[in-house]
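entry-v9.cif (mmCIF, C-alpha atoms) appears below.
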data_my_file
loop_
_atom_site.label_atom_id
_atom_site.label_comp_id
_atom_site.auth_asym_id
_atom_site.auth_seq_id
_atom_site.Cartn_x
_atom_site.Cartn_y
_atom_site.Cartn_z
CA MET A 386 -8.31 114.05 18.85
CA GLY A 387 -5.18 115.80 17.82
CA THR A 388 -2.92 113.77 20.02
CA TRP A 389 -4.25 110.53 18.64
CA VAL A 390 -3.72 111.67 15.10
CA ALA A 391 -0.25 112.93 15.88
CA LEU A 392 0.73 109.57 17.30
CA ILE A 393 -0.91 107.63 14.54
CA GLY A 394 0.12 109.91 11.71
CA LEU A 395 3.79 109.82 12.64
CA ARG A 396 3.80 106.08 12.92
CA LEU A 397 2.37 105.62 9.46
CA PRO A 398 4.55 103.59 7.15
CA GLY A 399 5.65 104.67 3.67
CA PRO A 400 6.00 108.40 3.15
CA PHE A 401 7.10 108.97 6.73
CA SER A 402 9.65 106.22 7.21
CA ALA A 403 13.17 107.34 8.06
CA LYS A 404 14.46 107.16 4.50
CA ASN A 405 11.97 109.58 3.03
CA GLY A 406 12.35 113.23 3.75
CA LEU A 407 9.76 115.93 3.31
CA GLY A 408 10.51 116.41 -0.39
CA ASP A 409 9.95 112.79 -1.16
CA SER A 410 6.71 112.66 0.72
CA LEU A 411 5.51 115.78 -1.08
CA SER A 412 6.26 114.29 -4.46
CA ARG A 413 4.10 111.29 -3.64
CA ARG A 414 1.00 113.38 -3.77
CA ASN A 415 -1.15 110.75 -5.43
CA LEU A 416 -0.55 108.25 -2.62
CA ARG A 417 -1.32 110.69 0.15
CA PRO A 418 -3.96 109.62 2.61
CA ARG A 419 -5.96 112.29 4.33
CA GLU A 420 -4.14 111.91 7.63
CA LEU A 421 -0.82 112.90 6.13
CA ARG A 422 -2.06 116.20 4.84
CA HIS A 423 -2.23 117.73 8.30
CA ILE A 424 1.34 116.71 8.92
CA GLU A 425 2.40 118.24 5.62
CA ILE A 426 0.68 121.49 6.47
CA LEU A 427 2.36 121.32 9.85
CA LEU A 428 5.76 121.02 8.19
CA VAL A 429 4.96 124.02 6.00
CA LEU A 430 3.91 125.91 9.10
CA LEU A 431 7.10 125.11 10.96
CA GLU A 432 9.35 126.05 8.05
CA LEU A 433 7.54 129.19 7.02
CA PRO A 434 8.75 131.55 9.78
CA TYR A 435 12.39 130.76 8.98
CA MET A 436 11.89 131.17 5.26
CA SER A 437 10.21 134.52 5.58
CA ALA A 438 12.91 135.60 8.05
CA LYS A 439 15.60 134.75 5.51
CA SER A 440 13.90 136.48 2.61
CA ASN A 441 13.45 139.79 4.38
CA ALA A 442 16.18 140.00 6.97
CA LYS A 443 15.41 143.62 7.81
CA LYS A 444 11.78 143.04 8.54
CA SER A 445 12.54 140.06 10.71
CA SER A 446 14.13 142.26 13.31
CA GLN A 447 10.69 143.75 13.87
CA SER A 448 9.04 140.44 14.35
CA GLU A 449 11.84 139.06 16.44
CA GLY A 450 10.77 137.91 19.83
CA HIS A 451 7.23 137.44 18.57
CA PHE A 452 5.77 134.01 18.41
CA TRP A 453 5.04 133.05 14.80
CA GLY A 454 1.47 132.25 15.59
CA GLU A 455 0.97 135.91 16.31
CA THR A 456 2.73 137.16 13.17
CA LEU A 457 1.91 134.75 10.35
CA THR A 458 -1.33 135.29 8.52
CA VAL A 459 -3.70 132.71 7.18
CA GLY A 460 -3.04 133.95 3.65
CA GLU A 461 0.73 133.51 3.97
CA VAL A 462 0.39 129.94 5.15
CA LEU A 463 -2.11 129.04 2.45
CA ASP A 464 0.09 130.67 -0.22
CA GLN A 465 3.04 128.60 0.88
CA CYS A 466 0.90 125.48 0.84
CA TYR A 467 -0.14 126.24 -2.75
CA ARG A 468 3.49 126.84 -3.71
CA LEU A 469 4.64 123.53 -2.25
CA ARG A 470 1.53 121.89 -3.71
CA VAL A 471 0.36 120.64 -0.37
CA LEU A 472 -3.00 122.19 -1.26
CA SER A 473 -4.26 123.10 -4.70
CA ARG A 474 -5.01 126.79 -5.28
CA PRO A 475 -8.77 127.43 -5.29
CA LYS A 476 -10.55 129.72 -7.71
CA LYS A 477 -11.33 133.25 -6.67
CA ASP A 478 -14.29 133.55 -4.31
CA ASP A 479 -14.52 129.80 -3.92
CA TRP A 480 -15.74 129.83 -0.34
CA GLN A 481 -16.26 126.11 -0.15
CA HIS A 482 -12.59 125.45 -0.81
CA TYR A 483 -11.40 128.17 1.52
CA TYR A 484 -13.66 126.88 4.21
CA HIS A 485 -12.26 123.40 3.74
CA TYR A 486 -8.68 124.64 3.89
CA ILE A 487 -9.34 126.64 7.03
CA GLN A 488 -10.71 123.50 8.62
CA GLU A 489 -7.56 121.62 7.64
CA LEU A 490 -5.43 124.43 9.02
CA LEU A 491 -7.34 124.42 12.29
CA LYS A 492 -6.84 120.69 12.60
CA THR A 493 -3.15 121.12 11.95
CA LEU A 494 -2.93 123.69 14.70
CA GLU A 495 -4.79 121.30 16.93
CA LEU A 496 -1.88 118.89 16.55
CA LEU A 497 0.39 121.45 18.15
CA ALA A 498 -1.99 122.27 20.98
CA LEU A 499 -0.62 125.82 21.13
CA TRP A 500 -3.65 127.62 22.38
CA PRO A 501 -6.43 126.59 24.69
CA THR A 502 -9.47 125.51 22.77
CA ALA A 503 -11.96 127.29 24.98
CA ASN A 504 -13.24 130.87 24.64
CA ARG A 505 -13.58 131.12 20.90
CA PHE A 506 -15.52 134.10 19.69
CA THR A 507 -17.37 134.87 16.49
CA PRO A 508 -16.54 138.05 14.60
CA CYS A 509 -18.16 138.98 11.29
CA LEU A 510 -16.22 138.19 8.14
CA ASP A 511 -17.19 139.50 4.75
CA SER A 512 -14.45 138.55 2.35
CA ILE A 513 -11.75 136.04 1.63
CA ARG A 514 -9.19 138.85 1.76
CA GLU A 515 -10.22 139.64 5.29
CA LEU A 516 -9.78 136.02 6.22
CA ALA A 517 -6.43 135.72 4.45
CA SER A 518 -4.96 138.67 6.33
CA MET A 519 -6.04 137.26 9.65
CA LYS A 520 -3.30 136.18 12.05
CA LEU A 521 -3.19 132.47 12.87
CA SER A 522 -3.81 133.11 16.54
CA THR A 523 -6.88 135.20 15.69
CA MET A 524 -8.17 132.52 13.38
CA TRP A 525 -7.77 129.92 16.10
CA HIS A 526 -9.86 131.93 18.49
CA THR A 527 -12.48 132.52 15.83
CA SER A 528 -15.20 130.05 15.28
CA SER A 529 -17.02 131.99 12.58
CA VAL A 530 -15.23 130.10 9.83
CA ASN A 531 -17.06 127.04 10.97
CA ASP A 532 -20.47 128.30 10.09
CA LEU A 533 -19.72 130.37 7.02
CA PRO A 534 -20.74 128.45 3.90
CA ALA A 535 -21.43 125.15 5.55
CA THR A 536 -24.78 126.06 6.98
CA LYS A 537 -26.45 122.95 5.73
CA PRO A 538 -30.21 122.65 5.90
CA LEU A 539 -31.50 121.37 9.22
CA SER A 540 -34.52 119.19 9.52
CA LYS A 541 -37.33 121.11 11.19
CA ILE A 542 -39.13 118.00 12.37
CA GLU A 543 -38.68 117.26 16.06
CA ASN A 544 -38.12 113.52 15.83
CA PHE A 545 -36.63 110.93 13.51
CA GLN A 546 -37.03 107.24 12.84
CA CYS A 547 -34.17 105.31 14.34
CA ARG A 548 -33.82 102.95 11.43
CA GLU A 549 -33.37 105.91 9.11
CA MET A 550 -29.95 106.46 10.67
CA SER A 551 -28.77 102.88 10.20
CA LEU A 552 -25.74 102.17 8.05
CA GLU A 553 -27.80 100.21 5.58
CA MET A 554 -30.25 103.06 4.99
CA LEU A 555 -27.49 105.64 4.80
CA ARG A 556 -25.76 103.55 2.17
CA LYS A 557 -28.69 102.31 0.11
CA VAL A 558 -30.99 105.30 0.19
CA GLY A 559 -28.59 108.13 0.97
CA HIS A 560 -25.78 106.72 -1.22
CA LEU A 561 -23.33 107.89 1.43
CA GLU A 562 -19.80 106.69 1.70
CA ILE A 563 -19.04 106.10 5.36
CA GLN A 564 -15.57 107.06 6.61
CA TRP A 565 -13.88 106.79 9.96
CA THR A 566 -12.49 109.90 11.59
CA GLU A 567 -10.00 110.36 14.40
CA TYR A 568 -11.52 113.70 15.44
CA ILE A 569 -14.45 113.71 17.80
CA SER A 570 -15.47 117.10 16.43
CA GLU A 571 -16.03 115.47 13.05
CA HIS A 572 -18.34 112.76 14.34
CA LEU A 573 -21.45 112.55 12.14
CA GLU A 574 -20.16 115.31 9.88
CA LEU A 575 -21.95 115.16 6.55
CA ASP A 576 -20.26 116.18 3.33
CA SER A 577 -23.14 116.29 0.89
CA GLU A 578 -20.88 117.38 -1.98
CA ASN A 579 -18.82 114.18 -1.84
CA SER A 580 -21.72 112.31 -0.24
CA SER A 581 -19.72 111.05 2.68
CA LEU A 582 -20.37 110.76 6.39
CA LYS A 583 -17.71 110.55 9.07
CA ILE A 584 -17.88 108.42 12.20
CA PHE A 585 -15.57 108.90 15.16
CA TRP A 586 -13.41 105.86 15.77
CA PHE A 587 -12.05 106.29 19.28
CA GLY A 588 -15.24 105.82 21.25
CA PHE A 589 -13.49 103.41 23.56
CA ALA A 590 -10.62 105.79 24.25
CA ALA A 591 -13.07 108.64 24.67
CA MET A 592 -14.88 106.72 27.38
CA ALA A 593 -11.65 106.12 29.21
CA SER A 594 -10.08 109.54 28.78
CA PRO A 595 -11.20 112.41 31.01
CA ILE A 596 -9.63 114.91 28.59
CA ILE A 597 -11.93 113.89 25.77
CA GLN A 598 -14.89 113.97 28.10
CA PHE A 599 -13.90 117.51 28.93
CA VAL A 600 -13.80 118.40 25.23
CA CYS A 601 -17.27 116.97 24.83
CA VAL A 602 -18.60 119.07 27.65
CA ARG A 603 -17.08 122.06 25.91
CA LEU A 604 -18.77 121.09 22.68
CA ILE A 605 -22.10 121.26 24.44
CA SER A 606 -21.28 124.65 25.91
CA VAL A 607 -20.42 126.05 22.48
CA ALA A 608 -23.57 124.33 21.20
CA PHE A 609 -21.58 123.07 18.24
CA TYR A 610 -20.20 126.37 17.10
CA MET B 1195 -20.23 110.47 26.73
CA GLN B 1196 -23.29 108.28 26.78
CA GLU B 1197 -24.41 110.16 23.70
CA LEU B 1198 -21.51 108.92 21.61
CA SER B 1199 -22.44 105.31 22.29
CA THR B 1200 -26.08 106.06 21.52
CA THR B 1201 -25.06 107.39 18.11
CA TYR B 1202 -23.06 104.20 17.58
CA SER B 1203 -26.09 102.10 18.37
CA LEU B 1204 -28.14 104.19 15.95
CA LEU B 1205 -25.61 103.82 13.17
CA PHE B 1206 -24.34 100.27 13.30
CA ARG B 1207 -27.60 98.67 12.23
CA SER B 1208 -29.24 96.95 9.32
CA GLN B 1209 -32.82 97.10 8.10
CA LYS B 1210 -33.84 93.85 9.73
CA ASP B 1211 -31.92 94.69 12.89
CA ARG B 1212 -30.71 91.16 13.51
CA HIS B 1213 -27.32 90.58 15.09
CA TYR B 1214 -25.78 88.85 12.09
CA GLU B 1215 -26.95 91.44 9.59
CA ASN B 1216 -25.94 94.34 11.81
CA LEU B 1217 -22.49 92.82 11.94
CA LEU B 1218 -22.49 92.48 8.17
CA GLN B 1219 -23.23 96.19 7.77
CA TYR B 1220 -20.41 97.05 10.14
CA ALA B 1221 -18.07 94.75 8.24
CA LEU B 1222 -18.65 96.78 5.07
CA LEU B 1223 -17.08 99.88 6.61
CA PRO B 1224 -13.61 100.74 5.32
CA ALA B 1225 -10.69 99.79 7.53
CA PRO B 1226 -8.64 102.80 8.69
CA LEU B 1227 -5.19 102.91 7.17
CA TRP B 1228 -3.44 103.20 10.50
CA LEU B 1229 -5.29 100.16 11.88
CA ARG B 1230 -3.95 98.13 8.98
CA ALA B 1231 -0.49 99.44 9.78
CA LEU B 1232 -0.63 98.91 13.51
CA TYR B 1233 -2.66 95.71 13.76
CA VAL B 1234 -0.69 93.68 16.25
CA ASN B 1235 -1.71 90.17 15.22
CA VAL B 1236 0.07 90.51 11.88
CA PRO B 1237 3.55 91.97 11.33
CA GLY B 1238 3.81 94.71 8.72
CA THR B 1239 1.01 96.59 6.98
CA LEU B 1240 -2.05 94.78 5.74
CA SER B 1241 -2.56 95.46 2.05
CA ASP B 1242 -5.68 96.83 0.39
CA GLU B 1243 -6.65 93.43 -0.94
CA VAL B 1244 -6.33 91.62 2.38
CA ALA B 1245 -8.07 94.11 4.63
CA ALA B 1246 -10.13 96.42 2.43
CA ASN B 1247 -12.91 96.64 4.98
CA MET B 1248 -13.67 95.83 8.58
CA SER B 1249 -14.65 92.22 7.84
CA TYR B 1250 -10.98 91.27 8.14
CA PHE B 1251 -10.93 92.41 11.76
CA LEU B 1252 -14.12 90.56 12.61
CA ARG B 1253 -12.92 87.06 11.69
CA GLU B 1254 -13.76 84.30 14.12
CA GLY B 1255 -11.10 83.05 16.46
CA VAL B 1256 -9.08 86.27 16.39
CA PRO B 1257 -9.30 88.62 19.38
CA ARG B 1258 -11.02 91.85 18.39
CA VAL B 1259 -9.45 95.26 18.76
CA SER B 1260 -10.87 96.93 21.86
CA ASP B 1261 -12.20 99.84 19.79
CA ILE B 1262 -14.14 97.50 17.52
CA GLU B 1263 -15.39 95.66 20.56
CA TYR B 1264 -16.67 98.96 21.89
CA HIS B 1265 -18.37 99.90 18.61
CA LEU B 1266 -20.12 96.54 18.48
CA LYS B 1267 -21.17 96.59 22.10
CA HIS B 1268 -24.15 98.67 21.08
CA ILE B 1269 -25.48 96.87 18.04
CA ASP B 1270 -27.91 94.71 19.96
CA THR B 1271 -29.50 97.32 22.19
CA LYS B 1272 -33.17 97.83 21.55
CA LEU B 1273 -34.05 101.14 19.96
CA PRO B 1274 -37.43 102.88 20.01
CA PRO B 1275 -39.00 103.37 16.57
CA THR B 1276 -38.60 107.13 16.79
CA GLU B 1277 -36.32 109.43 18.78
CA LEU B 1278 -36.37 113.12 19.59
CA PHE B 1279 -33.53 115.26 18.27
CA GLU B 1280 -33.62 117.12 21.56
CA ARG B 1281 -32.22 114.11 23.34
CA TYR B 1282 -28.95 114.60 21.49
CA GLN B 1283 -27.34 117.62 23.04
CA ILE B 1284 -24.01 117.32 21.27
CA TRP B 1285 -24.85 115.73 17.94
CA GLY B 1286 -28.46 116.82 17.60
CA ASP B 1287 -27.69 119.35 14.88
CA ARG B 1288 -25.57 116.90 12.95
CA LEU B 1289 -28.41 114.39 13.08
CA ARG B 1290 -30.82 117.05 11.88
CA GLN B 1291 -28.52 117.77 8.95
CA LEU B 1292 -28.37 114.09 8.19
CA LYS B 1293 -32.15 113.79 8.38
CA ALA B 1294 -32.60 116.76 6.03
CA TYR B 1295 -30.13 115.17 3.64
CA MET B 1296 -31.84 111.78 3.77
CA ASP B 1297 -35.22 113.40 3.17
CA SER B 1298 -33.84 115.08 0.07
CA GLN B 1299 -32.64 111.76 -1.32
CA LYS B 1300 -34.85 109.87 -3.73
CA PRO B 1301 -34.30 106.13 -3.99
CA GLY B 1302 -32.93 104.97 -7.33
CA GLY B 1303 -33.70 101.64 -9.00
CA ILE B 1304 -35.84 98.75 -7.83
CA ARG B 1305 -33.44 97.82 -5.04
CA GLY B 1306 -33.42 101.37 -3.72
CA LEU B 1307 -37.22 101.41 -3.72
CA TRP B 1308 -37.31 98.09 -1.90
CA ALA B 1309 -34.82 99.31 0.71
CA ASP B 1310 -36.51 102.67 1.27
CA LYS B 1311 -38.93 101.76 4.04
CA ARG B 1312 -38.87 105.18 5.65
CA ASP B 1313 -42.52 105.84 4.87
CA SER B 1314 -44.11 102.43 5.43
CA LEU B 1315 -47.57 103.50 4.19
CA GLN B 1316 -46.10 104.68 0.91
CA TRP B 1317 -43.92 101.58 0.69
CA TYR B 1318 -46.84 99.17 1.13
CA THR B 1319 -49.06 101.13 -1.26
CA PHE B 1320 -46.38 101.15 -3.93
CA TRP B 1321 -45.54 97.46 -3.70
CA ALA B 1322 -49.21 96.43 -3.36
CA VAL B 1323 -49.93 98.27 -6.62
CA ILE B 1324 -46.98 96.57 -8.31
CA ILE B 1325 -47.99 93.09 -7.11
CA VAL B 1326 -51.77 93.38 -7.55
CA GLY B 1327 -51.42 95.25 -10.86
CA GLY B 1328 -48.79 92.84 -12.15
CA ALA B 1329 -50.85 89.82 -11.15
CA SER B 1330 -54.00 91.17 -12.81
CA VAL B 1331 -52.11 91.96 -16.04
CA ILE B 1332 -50.66 88.44 -16.12
CA LEU B 1333 -54.08 86.89 -15.40
CA SER B 1334 -55.80 88.93 -18.08
CA ILE B 1335 -53.11 87.97 -20.63
CA MET B 1336 -53.61 84.33 -19.70
CA GLY B 1337 -57.37 84.78 -19.99
CA LEU B 1338 -56.93 86.39 -23.39
CA MET B 1339 -54.78 83.51 -24.60
CA VAL B 1340 -57.31 80.97 -23.39
CA SER B 1341 -60.11 82.78 -25.17
CA ILE B 1342 -58.03 82.96 -28.38
CA VAL B 1343 -57.44 79.23 -28.21
CA HIS B 1344 -61.13 78.75 -27.50
CA THR B 1345 -62.21 80.83 -30.49
CA VAL B 1346 -59.72 79.18 -32.83
CA GLY B 1347 -60.93 75.76 -31.62
CA THR B 1348 -64.56 76.72 -32.21
CA PHE B 1349 -63.83 77.88 -35.79
CA LYS B 1350 -61.87 74.73 -36.51
CA GLY B 1351 -64.82 72.68 -35.15
CA LEU B 1352 -67.22 74.59 -37.41
CA GLU B 1353 -64.97 74.02 -40.46
CA SER B 1354 -64.81 70.26 -39.79
CA MET B 1355 -68.60 70.13 -39.41
CA GLU B 1356 -69.06 71.86 -42.79
CA ASP B 1357 -66.78 69.27 -44.41
#

Take the structure in this file and express it as structure tokens.
Amino acid sequence: MGTWVALIGLRLPGPFSAKNGLGDSLSRRNLRPRELRHIEILLVLLELPYMSAKSNAKKSSQSEGHFWGETLTVGEVLDQCYRLRVLSRPKKDDWQHYYHYIQELLKTLELLALWPTANRFTPCLDSIRELASMKLSTMWHTSSVNDLPATKPLSKIENFQCREMSLEMLRKVGHLEIQWTEYISEHLELDSENSSLKIFWFGFAAMASPIIQFVCVRLISVAFY
Amino acid sequence: MQELSTTYSLLFRSQKDRHYENLLQYALLPAPLWLRALYVNVPGTLSDEVAANMSYFLREGVPRVSDIEYHLKHIDTKLPPTELFERYQIWGDRLRQLKAYMDSQKPGGIRGLWADKRDSLQWYTFWAVIIVGGASVILSIMGLMVSIVHTVGTFKGLESMED
């Protein structure tokens, strides 16, 4: 869950110790673990409204009083991330990459817990441009990005052998690399491109925490996007 | 929330499904970076070499992290041979994806073939052919050698009789 990651991510040693500022941590790209990326995107997100306000002082008067989540677009944030090399710029029409970045962006926003997670809707999206011009708040309330290119094949059989899902089988036959994840929404998420499978770590905390149980109930109601 | 623990008990298993081997499979999982940083029994961050995988946190005589304890709580529960996807309301689709992926995977190498016991009929047929076929080839080679020796011996016997 976001809160867990926020706590854990900020306590990580190395790039985020008191001595190292943002610039230093950005220059250490090759050492960056996955957890830090969300925090880097978060820093970009928090700086971006001020930077754009400085660059066009006249325009800012229009957006004054508006919360940045309502004014910034997905494209602007991603562009800034490419510029600061937090994310590498994908090729044109590379949906897979865009999809991945949108997921990262959503997880970053989850750290802030700005908007309620319920009541997401699914509009139709046809192009990357359409997605890039979308406001952050709209994107948050949109779940369509979740099922765009990632519609992986589903098994049509009604049952499965239990031992097929064991770690040993997944490793030896499926050649999967098993990773831990701090997000319950990523539990059992398969990345067939990198042949990796994620497993949610905080099962114990999830049992104890009514908030996470609530999220799970919501997951059922959305029927996993 | 029961479903999460059921998925744990599905995952943290080995082929033979014995406690020790299940634990061994779990120990091969990578250790999360933050756990290495925050592990209370040791000051400072555990390096890659010391705690590359979970086996470090499973050592005897050291209290286990409550999360790990929770993960391992389920490794000894008995599982039925097959399960319905329907029973998994939250992660059913993810499991279906995983099943589809596993079905698309072909085992590579002899070890992969040995480990791939998903279709037991196929597995037994394949290995029976290997063993029976291999044994018959070896026996026939041995038989051939014996008959060669036999023939050579006979000719030598004939030659000595002519002398």

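When only C-alpha atoms are used to measure the gap to Glu562 (chain A), the shortest distance among B:Ala1246, B:Ala1294, B:Leu1222, B:Val1323 belongs to B:Leu1222.
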
When you get a sec, could you note down which chain B residues fall within 8 Å of chain A, using all atoms listed in the file, as an MDAnalysis selection string? chainID B and resid 1195 1198:1199 1204:1209 1219:1220 1223:1224 1226 1228 1231 1239 1260:1261 1264:1265 1273:1280 1283:1285 1287:1296 1299:1302 1306 1309:1310 1312

How about saving the chosen residues, C-alpha atoms kept, as a tab-separated table (two decimals), in the frame of the given file?
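Below is the file result.tsv, written as the result:
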chain	number	residue	atom	x	y	z
B	1195	MET	CA	-20.23	110.47	26.73
B	1198	LEU	CA	-21.51	108.92	21.61
B	1199	SER	CA	-22.44	105.31	22.29
B	1204	LEU	CA	-28.14	104.19	15.95
B	1205	LEU	CA	-25.61	103.82	13.17
B	1206	PHE	CA	-24.34	100.27	13.30
B	1207	ARG	CA	-27.60	98.67	12.23
B	1208	SER	CA	-29.24	96.95	9.32
B	1209	GLN	CA	-32.82	97.10	8.10
B	1219	GLN	CA	-23.23	96.19	7.77
B	1220	TYR	CA	-20.41	97.05	10.14
B	1223	LEU	CA	-17.08	99.88	6.61
B	1224	PRO	CA	-13.61	100.74	5.32
B	1226	PRO	CA	-8.64	102.80	8.69
B	1228	TRP	CA	-3.44	103.20	10.50
B	1231	ALA	CA	-0.49	99.44	9.78
B	1239	THR	CA	1.01	96.59	6.98
B	1260	SER	CA	-10.87	96.93	21.86
B	1261	ASP	CA	-12.20	99.84	19.79
B	1264	TYR	CA	-16.67	98.96	21.89
B	1265	HIS	CA	-18.37	99.90	18.61
B	1273	LEU	CA	-34.05	101.14	19.96
B	1274	PRO	CA	-37.43	102.88	20.01
B	1275	PRO	CA	-39.00	103.37	16.57
B	1276	THR	CA	-38.60	107.13	16.79
B	1277	GLU	CA	-36.32	109.43	18.78
B	1278	LEU	CA	-36.37	113.12	19.59
B	1279	PHE	CA	-33.53	115.26	18.27
B	1280	GLU	CA	-33.62	117.12	21.56
B	1283	GLN	CA	-27.34	117.62	23.04
B	1284	ILE	CA	-24.01	117.32	21.27
B	1285	TRP	CA	-24.85	115.73	17.94
B	1287	ASP	CA	-27.69	119.35	14.88
B	1288	ARG	CA	-25.57	116.90	12.95
B	1289	LEU	CA	-28.41	114.39	13.08
B	1290	ARG	CA	-30.82	117.05	11.88
B	1291	GLN	CA	-28.52	117.77	8.95
B	1292	LEU	CA	-28.37	114.09	8.19
B	1293	LYS	CA	-32.15	113.79	8.38
B	1294	ALA	CA	-32.60	116.76	6.03
B	1295	TYR	CA	-30.13	115.17	3.64
B	1296	MET	CA	-31.84	111.78	3.77
B	1299	GLN	CA	-32.64	111.76	-1.32
B	1300	LYS	CA	-34.85	109.87	-3.73
B	1301	PRO	CA	-34.30	106.13	-3.99
B	1302	GLY	CA	-32.93	104.97	-7.33
B	1306	GLY	CA	-33.42	101.37	-3.72
B	1309	ALA	CA	-34.82	99.31	0.71
B	1310	ASP	CA	-36.51	102.67	1.27
B	1312	ARG	CA	-38.87	105.18	5.65

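Relative to CA of Glu455 (chain A), CA of Leu472 (chain A) is found at 22.6 Å.
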
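When only C-alpha atoms are used to compute distances to Leu1217 (chain B), the closest of the residues B:Met1339, B:Val1256, B:Glu1243, B:Asp1270 turns out to be B:Asp1270.
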
Which residues fall under the PyMOL selection byres ((chain A and resi 462) around 9) in this file, as a count of residues only? 17

Just how far from CA of Ser581 (chain A) is CA of Arg468 (chain A), in Å to one decimal? 28.8 Å

re CA of Lys492 (chain A) and CA of Glu1263 (chain B): distance 27.6 Å

Chain and number of each residue from the PyMOL selection byres ((chain B and resi 1240) around 10), as a ChimeraX atom specification: /B:1227-1233,1236-1239,1241-1246,1250
